[in-house]
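Structure first, then comments.
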Amino acid sequence: MIEIMKIATWNVNSLTVRAPQVLDWLADNPVDVLGLQELKLTEDKFPFAVFEAAGYSACALGQKTYNGVALLSRLPIADVQKNIPGFEDEQARVIAGTVLSAAGPVRVVNGYFVNGQAPDSDKFAYKMRWLTALQAWLKLELTQYPRLVLVGDFNITADDRDSYDPEGLRETIHHTTAERDHFKALISLGLTDAFRQFEQPEKSFSWWDYRDFGFRRNRGLRIDYTLVSDALKPQVQACVIDKLPRKNERPSDHTPVTVTLS
DNA sequence: ATGACGGTGTGGCACCGA
């Protein structure tokens with residue numbers, strides 16, 4: 001018998017607005033674990049009960065107005081970690097937990113990576129510091145949890161295929177060499193971009209600007225990723241971007257990405 | 001070059017996102 005485990009990521013851009021869409025999506029796509037980003041609410045406003053009723057327990061690191069991350073899971077979650085240990089951060093960007101599946105424990109790290117605004121900004125400097133801290137922590141996590149999945153909104157295009165206009169946007173935010181070097185450094189820890197393990201259509205994106213008919217014109221970026229550790233790589237069965245929720249009324253600007261493990 | 005759209009908080013807009 002083959003145990004299947006599905007892990008997904010979705011930047012919902014306000015859980016207050018999007019909770020009904022998340023519930024609808026889970027009803028159609030009953031993944032085992034869903035990492036959410038950009039909750040834009042504090043934990044006291046997190047709708048634990050509605051997700052419980054749908055069969056999902058939740059753990060969350062909230063923040064008013066900005067950021068905020070959560071893990072929804074149908075399986076028990078243990079050893080929850082909020083933000084990067086030893087990295088002082090007022091912003092709620094990371095939540096990790098160990099999912100106890102029938103096939104053994106899987107460490108799921110869910111991140112809302114720093115946007116960075118512009119390469120010459122203070123926010124970009126923070127992005128670099130944050131990425132450095134994430135990398136150092138994940139190196140340790142991987143020794144403790146060889147079976148690890150890193151999901152989230154990375155706010156980085158891994159390479160030119162992940163942008164609708166790689167030439168025109170060269171060295172702008174999400175496209176800089178410095179950001180891509182950090183992405184490669186994560187890969188060098190022993191992680192693999194599950195999406196690129198499979199043949200994919202050209203111009204596959206996970207985010208489209210609300211403005212200027214971005215989705216209709218497919219002017220988007222692939223910035224939402226599911227990275228699997230070397231130990232899990234042989235078990236990757238599929239990785240798909242679901243564009244359907246982007247067609248909803250009042251959609252998030254991001255769509256869910258799901259990785260399937262055997 | 002700018003702003004376009006959307007969410008939030010607070011206030012009559014500004015800030016942020018990507």
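Residues are named by chain letter and number: chains run A, B, ... in the order of the structure tokens, numbers start at 1 in each chain, and ligands are numbered from 1 in the order shown.
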Per residue of stretch 31-86 of chain A within 12 Å of chain B, note the shortest atom pair and the distance in Å to one decimal, counting only C-alpha atoms (C1' of nucleotides), and order the rows by chain and increasing residue number, as JSON lines.
```
{"residue": "A:Glu38", "atom": "CA", "partner": "B:DG17", "partner_atom": "C1'", "distance": 10.0}
{"residue": "A:Leu39", "atom": "CA", "partner": "B:DG7", "partner_atom": "C1'", "distance": 10.7}
{"residue": "A:Lys40", "atom": "CA", "partner": "B:DT8", "partner_atom": "C1'", "distance": 8.2}
{"residue": "A:Leu41", "atom": "CA", "partner": "B:DT8", "partner_atom": "C1'", "distance": 9.8}
{"residue": "A:Gln63", "atom": "CA", "partner": "B:DT8", "partner_atom": "C1'", "distance": 11.9}
{"residue": "A:Lys64", "atom": "CA", "partner": "B:DT8", "partner_atom": "C1'", "distance": 8.8}
{"residue": "A:Thr65", "atom": "CA", "partner": "B:DT8", "partner_atom": "C1'", "distance": 5.6}
{"residue": "A:Tyr66", "atom": "CA", "partner": "B:DC16", "partner_atom": "C1'", "distance": 8.3}
{"residue": "A:Asn67", "atom": "CA", "partner": "B:DG17", "partner_atom": "C1'", "distance": 10.3}
```
Restrict the selected residues to C-alpha atoms and save them as a JSON list (two decimals), in the first residue's frame.
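Writing done, so here's result_8.json:
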```
[["chain", "number", "residue", "atom", "x", "y", "z"],
["A", 38, "GLU", "CA", -0.02, 36.94, 4.57],
["A", 39, "LEU", "CA", -2.78, 36.27, 7.09],
["A", 40, "LYS", "CA", -2.84, 39.97, 7.99],
["A", 41, "LEU", "CA", -4.44, 39.16, 11.32],
["A", 63, "GLN", "CA", 0.53, 39.91, 13.06],
["A", 64, "LYS", "CA", -1.75, 42.88, 12.66],
["A", 65, "THR", "CA", -2.09, 44.27, 9.11],
["A", 66, "TYR", "CA", 1.03, 42.65, 7.67],
["A", 67, "ASN", "CA", 2.59, 39.20, 7.29]]
```
Contact table chain A vs chain B, cut-off 9 Å, shortest pair per residue, only C-alpha atoms (C1' of nucleotides), as JSON lines:
```
{"residue": "A:Asn13", "atom": "CA", "partner": "B:DG7", "partner_atom": "C1'", "distance": 7.5}
{"residue": "A:Ser14", "atom": "CA", "partner": "B:DG7", "partner_atom": "C1'", "distance": 6.9}
{"residue": "A:Val17", "atom": "CA", "partner": "B:DG7", "partner_atom": "C1'", "distance": 8.8}
{"residue": "A:Lys40", "atom": "CA", "partner": "B:DT8", "partner_atom": "C1'", "distance": 8.2}
{"residue": "A:Lys64", "atom": "CA", "partner": "B:DT8", "partner_atom": "C1'", "distance": 8.8}
{"residue": "A:Thr65", "atom": "CA", "partner": "B:DT8", "partner_atom": "C1'", "distance": 5.6}
{"residue": "A:Tyr66", "atom": "CA", "partner": "B:DC16", "partner_atom": "C1'", "distance": 8.3}
{"residue": "A:Asn115", "atom": "CA", "partner": "B:DA18", "partner_atom": "C1'", "distance": 7.2}
{"residue": "A:Gln117", "atom": "CA", "partner": "B:DA18", "partner_atom": "C1'", "distance": 7.9}
{"residue": "A:Asn155", "atom": "CA", "partner": "B:DA18", "partner_atom": "C1'", "distance": 7.6}
{"residue": "A:Ile173", "atom": "CA", "partner": "B:DA18", "partner_atom": "C1'", "distance": 8.0}
{"residue": "A:His174", "atom": "CA", "partner": "B:DA18", "partner_atom": "C1'", "distance": 7.8}
{"residue": "A:Trp207", "atom": "CA", "partner": "B:DA18", "partner_atom": "C1'", "distance": 8.5}
{"residue": "A:Trp208", "atom": "CA", "partner": "B:DA18", "partner_atom": "C1'", "distance": 8.6}
{"residue": "A:Asp209", "atom": "CA", "partner": "B:DA18", "partner_atom": "C1'", "distance": 7.3}
{"residue": "A:Tyr210", "atom": "CA", "partner": "B:DC5", "partner_atom": "C1'", "distance": 4.8}
{"residue": "A:Arg211", "atom": "CA", "partner": "B:DC5", "partner_atom": "C1'", "distance": 4.7}
{"residue": "A:Asp212", "atom": "CA", "partner": "B:DA4", "partner_atom": "C1'", "distance": 5.9}
{"residue": "A:Leu221", "atom": "CA", "partner": "B:DA18", "partner_atom": "C1'", "distance": 8.8}
{"residue": "A:Arg250", "atom": "CA", "partner": "B:DG6", "partner_atom": "C1'", "distance": 8.8}
{"residue": "A:Ser252", "atom": "CA", "partner": "B:DG6", "partner_atom": "C1'", "distance": 8.9}
{"residue": "A:Asp253", "atom": "CA", "partner": "B:DG6", "partner_atom": "C1'", "distance": 8.9}
```
Inset, instruction - Extract, using only C-alpha atoms (C1' of nucleotides), all DNA, RNA and protein residues at most 6 Å from A:Ser229, discarding same-chain residues fewer than 2 positions from it, and format them as a list in words. - result: Leu148, Gly190, Leu191, Ala231 and Leu232 of chain A
Inset, instruction - Using only C-alpha atoms (C1' of nucleotides), determine which residues lie at most 10 Å from A:Leu61, disregarding the query and same-chain residues fewer than 4 positions distant; provide the list as a PyMOL selection string. - result: chain A and resi 37+39+41-43+46+67-71+81-83+91-95
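Distances from A:Asn110, A:Thr226, A:Gln200, A:Thr98 to A:Val80 were compared using only C-alpha atoms, and the smallest one belongs to A:Thr98.
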